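Novice: So here's coords39.cif (mmCIF, C-alpha atoms and all ligand atoms).
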data_structure
#
loop_
_atom_site.label_atom_id
_atom_site.label_comp_id
_atom_site.auth_asym_id
_atom_site.auth_seq_id
_atom_site.Cartn_x
_atom_site.Cartn_y
_atom_site.Cartn_z
CA MET W 1 85.50 -23.47 -8.60
CA THR W 2 85.58 -25.67 -11.67
CA SER W 3 82.31 -26.89 -13.12
CA ARG W 4 81.26 -29.91 -15.17
CA PHE W 5 81.04 -27.53 -18.10
CA ASP W 6 84.02 -27.98 -20.43
CA ILE W 7 85.24 -24.43 -20.84
CA ASP W 8 88.15 -25.42 -23.10
CA ARG W 9 85.79 -27.13 -25.52
CA PHE W 10 83.45 -24.15 -25.36
CA MET W 11 86.30 -21.78 -26.22
CA GLU W 12 87.48 -23.96 -29.09
CA GLN W 13 83.98 -24.02 -30.58
CA SER W 14 83.22 -20.35 -30.10
CA GLY W 15 83.07 -17.97 -33.03
CA ALA W 16 80.92 -15.71 -35.12
CA VAL W 17 77.69 -17.27 -36.35
CA GLU W 18 78.23 -18.55 -39.90
CA LEU W 19 76.46 -16.34 -42.46
CA ASP W 20 78.63 -16.60 -45.58
CA ASP W 21 76.23 -18.91 -47.40
CA ILE W 22 73.04 -16.94 -46.64
CA ALA W 23 71.16 -15.85 -49.77
CA TRP W 24 70.51 -12.31 -48.57
CA GLU W 25 68.99 -11.34 -51.91
CA ASP W 26 66.18 -13.84 -51.28
CA VAL W 27 65.24 -12.40 -47.86
CA PRO W 28 62.61 -9.96 -49.23
CA LYS W 29 60.83 -12.72 -51.19
CA TYR W 30 59.11 -14.06 -48.10
CA PRO W 31 56.66 -11.65 -46.48
CA LEU W 32 56.83 -10.73 -42.81
CA THR W 33 54.02 -9.03 -40.95
CA PRO W 34 54.79 -5.69 -39.21
CA GLU W 35 54.35 -7.50 -35.89
CA ALA W 36 57.00 -10.05 -36.87
CA LEU W 37 59.41 -7.27 -37.82
CA ARG W 38 58.77 -5.53 -34.51
CA ALA W 39 59.63 -8.71 -32.58
CA LEU W 40 62.73 -9.16 -34.71
CA ARG W 41 63.83 -5.60 -34.02
CA TYR W 42 63.39 -6.27 -30.31
CA PHE W 43 65.80 -9.18 -30.47
CA MET W 44 68.25 -7.28 -32.64
CA THR W 45 68.29 -4.62 -29.91
CA THR W 46 68.53 -7.17 -27.11
CA GLU W 47 71.41 -9.06 -28.71
CA SER W 48 73.24 -5.82 -29.46
CA ALA W 49 72.91 -4.74 -25.82
CA THR W 50 75.25 -7.49 -24.58
CA PHE W 51 78.16 -5.08 -24.75
CA TYR W 52 76.53 -2.93 -22.08
CA TYR W 53 75.77 -5.86 -19.82
CA LEU W 54 79.37 -6.94 -20.15
CA ARG W 55 80.42 -3.48 -18.99
CA GLY W 56 78.57 -4.01 -15.72
CA LEU W 57 79.70 -7.61 -15.33
CA ILE W 58 83.41 -7.14 -15.71
CA GLN W 59 83.44 -4.65 -12.84
CA THR W 60 82.33 -7.36 -10.44
CA LYS W 61 84.84 -9.25 -8.31
CA PRO W 62 83.89 -12.78 -9.46
CA ALA W 63 84.55 -11.82 -13.09
CA LEU W 64 88.21 -11.47 -12.12
CA ALA W 65 88.44 -14.14 -9.46
CA GLU W 66 86.65 -17.09 -11.10
CA PRO W 67 88.94 -18.82 -13.63
CA GLU W 68 86.18 -19.74 -16.08
CA PHE W 69 84.36 -16.40 -16.08
CA ALA W 70 86.77 -14.23 -18.06
CA PRO W 71 87.17 -16.61 -21.01
CA PHE W 72 83.44 -17.33 -21.06
CA LEU W 73 82.46 -13.66 -20.95
CA CYS W 74 84.86 -12.82 -23.81
CA ALA W 75 83.47 -15.54 -26.07
CA TRP W 76 79.87 -14.98 -24.97
CA ALA W 77 79.96 -11.24 -25.74
CA PHE W 78 81.63 -11.92 -29.09
CA GLU W 79 78.99 -14.44 -30.14
CA GLU W 80 76.08 -12.28 -28.95
CA GLU W 81 77.43 -9.31 -30.89
CA PHE W 82 77.27 -11.40 -34.07
CA HIS W 83 73.70 -12.45 -33.27
CA GLY W 84 72.76 -8.78 -33.22
CA ARG W 85 74.64 -8.18 -36.44
CA ALA W 86 72.92 -11.15 -38.11
CA PHE W 87 69.46 -9.72 -37.32
CA HIS W 88 70.62 -6.27 -38.36
CA LYS W 89 71.78 -7.60 -41.70
CA PHE W 90 68.59 -9.61 -42.13
CA MET W 91 66.38 -6.58 -41.50
CA ARG W 92 68.32 -4.44 -43.90
CA ALA W 93 68.17 -7.19 -46.52
CA TYR W 94 64.39 -7.28 -46.04
CA GLY W 95 64.29 -3.54 -46.71
CA VAL W 96 63.82 -2.21 -43.20
CA ASP W 97 65.64 0.97 -42.38
CA VAL W 98 67.80 0.48 -39.30
CA ASP W 99 69.82 3.50 -38.20
CA GLU W 100 73.53 2.87 -38.02
CA ASP W 101 73.57 4.58 -34.63
CA TYR W 102 70.74 2.45 -33.22
CA ARG W 103 73.06 1.12 -30.55
CA ALA W 104 74.05 4.54 -29.22
CA LYS W 105 70.38 5.60 -29.23
CA MET W 106 69.41 2.46 -27.38
CA TYR W 107 72.00 3.11 -24.71
CA SER W 108 70.94 6.71 -24.22
CA ARG W 109 67.32 5.53 -23.85
CA ARG W 110 68.10 2.77 -21.35
CA THR W 111 65.96 3.00 -18.27
CA GLY W 112 66.94 4.17 -14.79
CA GLY W 113 66.25 0.61 -13.66
CA GLU W 114 69.03 -0.60 -15.87
CA ARG W 115 71.51 1.79 -14.26
CA LYS W 116 70.35 0.77 -10.79
CA ASP W 117 70.85 -2.89 -11.74
CA GLU W 118 74.47 -2.19 -12.66
CA ILE W 119 75.17 -0.49 -9.34
CA GLY W 120 73.23 -3.13 -7.36
CA GLN W 121 75.13 -5.89 -9.12
CA PHE W 122 78.46 -4.35 -8.23
CA LEU W 123 77.53 -3.82 -4.58
CA LEU W 124 76.20 -7.34 -4.14
CA SER W 125 79.32 -8.83 -5.69
CA VAL W 126 81.44 -6.92 -3.17
CA LEU W 127 79.24 -7.72 -0.17
CA PHE W 128 78.74 -11.40 -1.00
CA PRO W 129 81.68 -12.49 -3.17
CA GLU W 130 81.10 -16.19 -2.45
CA ALA W 131 77.34 -16.32 -3.06
CA TRP W 132 76.85 -13.65 -5.70
CA PRO W 133 78.02 -15.71 -8.72
CA ALA W 134 75.12 -18.14 -8.14
CA ALA W 135 72.61 -15.31 -8.55
CA HIS W 136 74.34 -14.01 -11.62
CA MET W 137 74.56 -17.47 -13.19
CA ALA W 138 70.90 -18.26 -12.47
CA TRP W 139 69.90 -14.92 -13.98
CA GLY W 140 71.97 -15.69 -17.09
CA ALA W 141 70.43 -19.15 -17.38
CA ILE W 142 66.91 -17.69 -17.32
CA GLN W 143 67.72 -15.08 -19.98
CA GLU W 144 69.49 -17.55 -22.27
CA TRP W 145 66.70 -20.11 -21.99
CA THR W 146 64.08 -17.45 -22.68
CA THR W 147 66.02 -16.34 -25.76
CA TYR W 148 66.41 -19.91 -27.00
CA THR W 149 62.67 -20.51 -26.60
CA ALA W 150 61.92 -17.17 -28.25
CA TYR W 151 63.82 -18.19 -31.38
CA THR W 152 62.04 -21.53 -31.66
CA GLN W 153 58.83 -19.49 -31.62
CA LEU W 154 60.17 -16.87 -34.03
CA ILE W 155 60.93 -19.61 -36.56
CA GLN W 156 57.51 -21.13 -36.24
CA ARG W 157 55.59 -17.84 -36.19
CA THR W 158 57.31 -16.06 -39.05
CA GLY W 159 57.59 -19.04 -41.43
CA HIS W 160 60.54 -17.33 -43.11
CA PRO W 161 63.00 -19.99 -44.37
CA ILE W 162 66.09 -17.78 -44.35
CA LEU W 163 65.33 -16.39 -40.92
CA GLU W 164 64.90 -19.99 -39.79
CA THR W 165 68.40 -20.93 -40.98
CA ILE W 166 69.90 -17.94 -39.17
CA CYS W 167 67.92 -18.57 -35.99
CA ARG W 168 68.86 -22.26 -35.87
CA ARG W 169 72.55 -21.39 -36.04
CA ILE W 170 72.15 -18.73 -33.37
CA MET W 171 70.16 -21.13 -31.20
CA LYS W 172 73.04 -23.64 -31.13
CA GLN W 173 75.14 -20.94 -29.52
CA GLU W 174 72.37 -19.85 -27.16
CA LEU W 175 72.14 -23.44 -25.97
CA ARG W 176 75.86 -23.48 -25.18
CA HIS W 177 75.53 -20.17 -23.31
CA PHE W 178 72.59 -21.58 -21.39
CA SER W 179 74.58 -24.70 -20.54
CA PHE W 180 77.41 -22.66 -19.00
CA TYR W 181 75.12 -20.50 -16.91
CA TYR W 182 72.93 -23.40 -15.87
CA HIS W 183 75.77 -25.68 -14.77
CA GLN W 184 77.45 -22.90 -12.88
CA ALA W 185 74.20 -21.93 -11.17
CA GLU W 186 73.29 -25.51 -10.34
CA GLU W 187 76.57 -26.32 -8.63
CA ARG W 188 76.73 -23.08 -6.71
CA LEU W 189 73.12 -23.25 -5.56
CA ARG W 190 73.37 -26.89 -4.54
CA SER W 191 76.32 -26.22 -2.28
CA SER W 192 74.97 -23.19 -0.43
CA ARG W 193 71.62 -22.42 1.18
CA PHE W 194 72.74 -18.83 1.50
CA ALA W 195 73.39 -18.64 -2.26
CA GLN W 196 69.85 -20.00 -2.83
CA GLU W 197 68.43 -17.33 -0.54
CA LEU W 198 70.44 -14.52 -2.13
CA THR W 199 69.53 -15.69 -5.64
CA SER W 200 65.82 -15.93 -4.86
CA ARG W 201 65.74 -12.52 -3.22
CA THR W 202 67.71 -10.91 -6.05
CA LEU W 203 65.46 -12.38 -8.73
CA LYS W 204 62.26 -11.47 -6.88
CA PHE W 205 63.50 -7.94 -6.34
CA ALA W 206 65.09 -7.10 -9.67
CA TRP W 207 64.43 -9.65 -12.44
CA THR W 208 62.69 -8.59 -15.64
CA PRO W 209 62.43 -10.41 -19.00
CA VAL W 210 65.40 -10.50 -21.34
CA GLY W 211 65.71 -7.26 -23.28
CA ASP W 212 63.73 -5.19 -20.80
CA GLY W 213 65.63 -2.06 -19.89
CA MET W 214 66.97 -1.48 -23.40
CA SER W 215 63.55 -1.37 -25.09
CA SER W 216 60.23 0.23 -24.17
CA LYS W 217 57.75 -1.65 -21.99
CA ASP W 218 55.42 -1.78 -25.01
CA ASP W 219 58.09 -3.55 -27.05
CA VAL W 220 58.72 -6.07 -24.27
CA ALA W 221 54.99 -6.77 -24.07
CA HIS W 222 54.76 -7.07 -27.83
CA ALA W 223 57.56 -9.65 -28.00
CA LEU W 224 56.02 -11.70 -25.19
CA GLN W 225 52.65 -11.58 -26.92
CA TYR W 226 53.84 -12.22 -30.46
CA LEU W 227 56.14 -15.09 -29.52
CA PHE W 228 54.63 -16.65 -26.40
CA ASP W 229 50.93 -15.66 -26.41
CA GLY W 230 51.63 -14.11 -23.01
CA ALA W 231 49.67 -15.65 -20.14
CA GLU W 232 47.55 -17.73 -22.54
CA GLY W 233 50.34 -19.67 -24.26
CA THR W 234 52.40 -22.66 -23.15
CA ALA W 235 55.89 -21.22 -23.70
CA VAL W 236 56.02 -19.29 -20.43
CA ALA W 237 55.28 -22.44 -18.42
CA THR W 238 57.89 -24.38 -20.41
CA ILE W 239 60.56 -21.80 -19.63
CA GLU W 240 59.70 -21.72 -15.93
CA LYS W 241 59.66 -25.51 -15.70
CA LYS W 242 63.30 -25.65 -16.75
CA ILE W 243 64.40 -22.97 -14.30
CA ARG W 244 62.52 -24.61 -11.43
CA GLN W 245 64.95 -27.53 -11.67
CA LEU W 246 67.65 -25.33 -10.15
CA PRO W 247 68.16 -25.90 -6.40
CA GLY W 248 66.20 -23.32 -4.41
CA LEU W 249 64.35 -21.99 -7.48
CA GLU W 250 61.45 -24.45 -7.33
CA TRP W 251 59.20 -21.44 -6.79
CA PHE W 252 60.26 -19.64 -10.01
CA ASP W 253 57.20 -17.97 -11.50
CA LEU W 254 58.44 -14.51 -12.41
CA LEU W 255 57.74 -14.70 -16.12
CA SER W 256 54.13 -15.82 -15.63
CA ARG W 257 53.71 -13.11 -13.02
CA TYR W 258 55.11 -10.58 -15.47
CA VAL W 259 52.76 -11.51 -18.32
CA SER W 260 49.73 -11.66 -15.99
CA ARG W 261 50.53 -8.38 -14.27
CA ASN W 262 50.92 -6.64 -17.63
CA GLY W 263 47.81 -8.18 -19.17
CA ILE W 264 49.78 -9.86 -21.97
CA ARG W 265 47.52 -12.36 -23.72
CA ARG W 266 47.17 -14.38 -26.92
CA ALA W 267 48.39 -12.66 -30.08
CA PRO W 268 45.69 -11.93 -32.69
CA GLU W 269 45.62 -14.31 -35.68
CA SER W 270 46.16 -11.37 -38.01
CA TRP W 271 49.70 -10.92 -36.65
CA PHE W 272 50.66 -14.15 -38.41
CA ASP W 273 48.59 -13.70 -41.55
CA ARG W 274 51.29 -13.24 -44.16
CA SER W 275 48.69 -12.95 -46.92
CA ARG W 276 47.82 -9.50 -45.57
CA VAL W 277 51.30 -8.20 -46.49
CA GLU W 278 53.01 -8.20 -49.80
CA SER W 279 56.56 -9.44 -49.80
CA ALA W 280 59.11 -6.66 -49.63
CA ALA W 281 60.43 -7.90 -52.99
CA VAL W 282 57.05 -7.23 -54.61
CA LEU W 283 56.77 -3.81 -53.00
CA ALA W 284 60.21 -2.76 -54.21
FE FE Z 301 72.21 -14.26 -28.62
FE FE Z 302 73.16 -16.14 -25.59
#
For the file at hand, write its structure as structure tokens.

Specialist:
Amino acid sequence: MTSRFDIDRFMEQSGAVELDDIAWEDVPKYPLTPEALRALRYFMTTESATFYYLRGLIQTKPALAEPEFAPFLCAWAFEEEFHGRAFHKFMRAYGVDVDEDYRAKMYSRRTGGERKDEIGQFLLSVLFPEAWPAAHMAWGAIQEWTTYTAYTQLIQRTGHPILETICRRIMKQELRHFSFYYHQAEERLRSSRFAQELTSRTLKFAWTPVGDGMSSKDDVAHALQYLFDGAEGTAVATIEKKIRQLPGLEWFDLLSRYVSRNGIRRAPESWFDRSRVESAAVLA
């Protein structure tokens, strides 16, 4: 099927996030709390994990059969890889030691749930080739929108001007990714009650927040607390409100259930108190 999303325009605009003009030498001048760095590392890991998700995705039937999927997935994975590299470079410029083999380590640590997801995804795409893309697209829309919201929060909560510039550029691309997934999901869900049912059941059974599976549960909880104030903030409701606009997903409450179930609450004020840390430039 063809969607209202202009894939040709998307492909023409796709590319590595622009970083040539970033003053990397100034990165350590602005202090970041350890909690901020931990959240940043989480997103570096999450962005760098796209390669592995792509591995699972391209084995599914719709990835080959749907004309817009292959070009999108190529450009999407390329852009996400550069998001991970941007955070990697930022952290190293700040003075944080990031192992060069962090990606291989991350993959070897990935949870059993992540492996089961890959197999489940493949089986569902074979069993329900018509309806499965709706579930996949809705899932993608949720993860992209969560990421976009996370970066608006990261900017506001770290107060680091160079990180803000990088995040704003990345966010433009996240918004375009979200738009693809959302439009695809919307059209597929609207035209099929069965696709709505399959999508709802899949999400209720298997969905977890973006980045879960490649990081520890503690790191997931930390990111959701640092950025969103867990169950006590407004960001979770804002994310869910957007997703509930998709046909058949009016019930969507999985992120609020996740933060409540895991007791994730407001982040302590001290996590944002930059006066408690010296800038890395001063420490050096
Ligand atoms: Fe990204
Ligand atoms: Fe993205």

Novice: Using only C-alpha atoms and all ligand atoms, which protein or nucleic acid residues are at most 12 Å from ligand FE 302 (chain Z), as a PyMOL selection string?

Specialist: chain W and resi 14+17+43+46-50+72-73+75-84+140-151+167+169-181+210-211

Novice: From the set W:Ala16, W:Ile119, W:Ala39, W:Ala231, which residue has the shortest atom-to-atom contact distance to ligand FE 301 (chain Z), counting all atoms listed in the file?

Specialist: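 Counting all atoms listed in the file, the residue closest to ligand FE 301 (chain Z) is W:Ala16.
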
Novice: Please indicate the distance in Å from atom CA of W:Gly95 to atom CA of W:Glu164, rounded to one decimal place.

Specialist: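 Between atom CA of W:Gly95 and atom CA of W:Glu164 the gap works out to 17.9 Å.
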
Novice: For ligand FE 301 (chain Z), which residue out of W:Phe87, W:Tyr102, W:Phe228, W:Phe194 is the nearest one, using all atoms listed in the file?

Specialist: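 Nearest candidate to ligand FE 301 (chain Z) out of W:Phe87, W:Tyr102, W:Phe228, W:Phe194: W:Phe87.
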
Novice: Taking into account all atoms listed in the file, which residue in the set W:Tyr30, W:Pro161, W:Phe252, W:Arg168 is nearest to ligand FE 301 (chain Z)?

Specialist: W:Arg168

Novice: With distances taken over all atoms listed in the file, which residue among W:Ile166, W:Glu100, W:Ser275, W:Thr234 lies nearest ligand FE 301 (chain Z)?

Specialist: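 Of W:Ile166, W:Glu100, W:Ser275, W:Thr234, the one nearest ligand FE 301 (chain Z), counting all atoms listed in the file, is W:Ile166.
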
Novice: Quick one: residues within 9 Å of (58.8, -9.6, -32.4) (file frame), counting all atoms listed in the file, please, as a list in words.

Specialist: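 Output of the proximity query reads Pro34, Glu35, Ala36, Leu37, Arg38, Ala39, Leu40, Arg41, Tyr42, Phe43, Leu154, Asp219, Val220, His222, Ala223, Leu224, Gln225, Tyr226 and Leu227 of chain W.
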
Novice: Quick one: pull the distance between atom CA of W:Trp271 and atom CA of W:Ile243, Å, one decimal.

Specialist: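 Rounded to one decimal, the two atoms are 29.3 Å apart.
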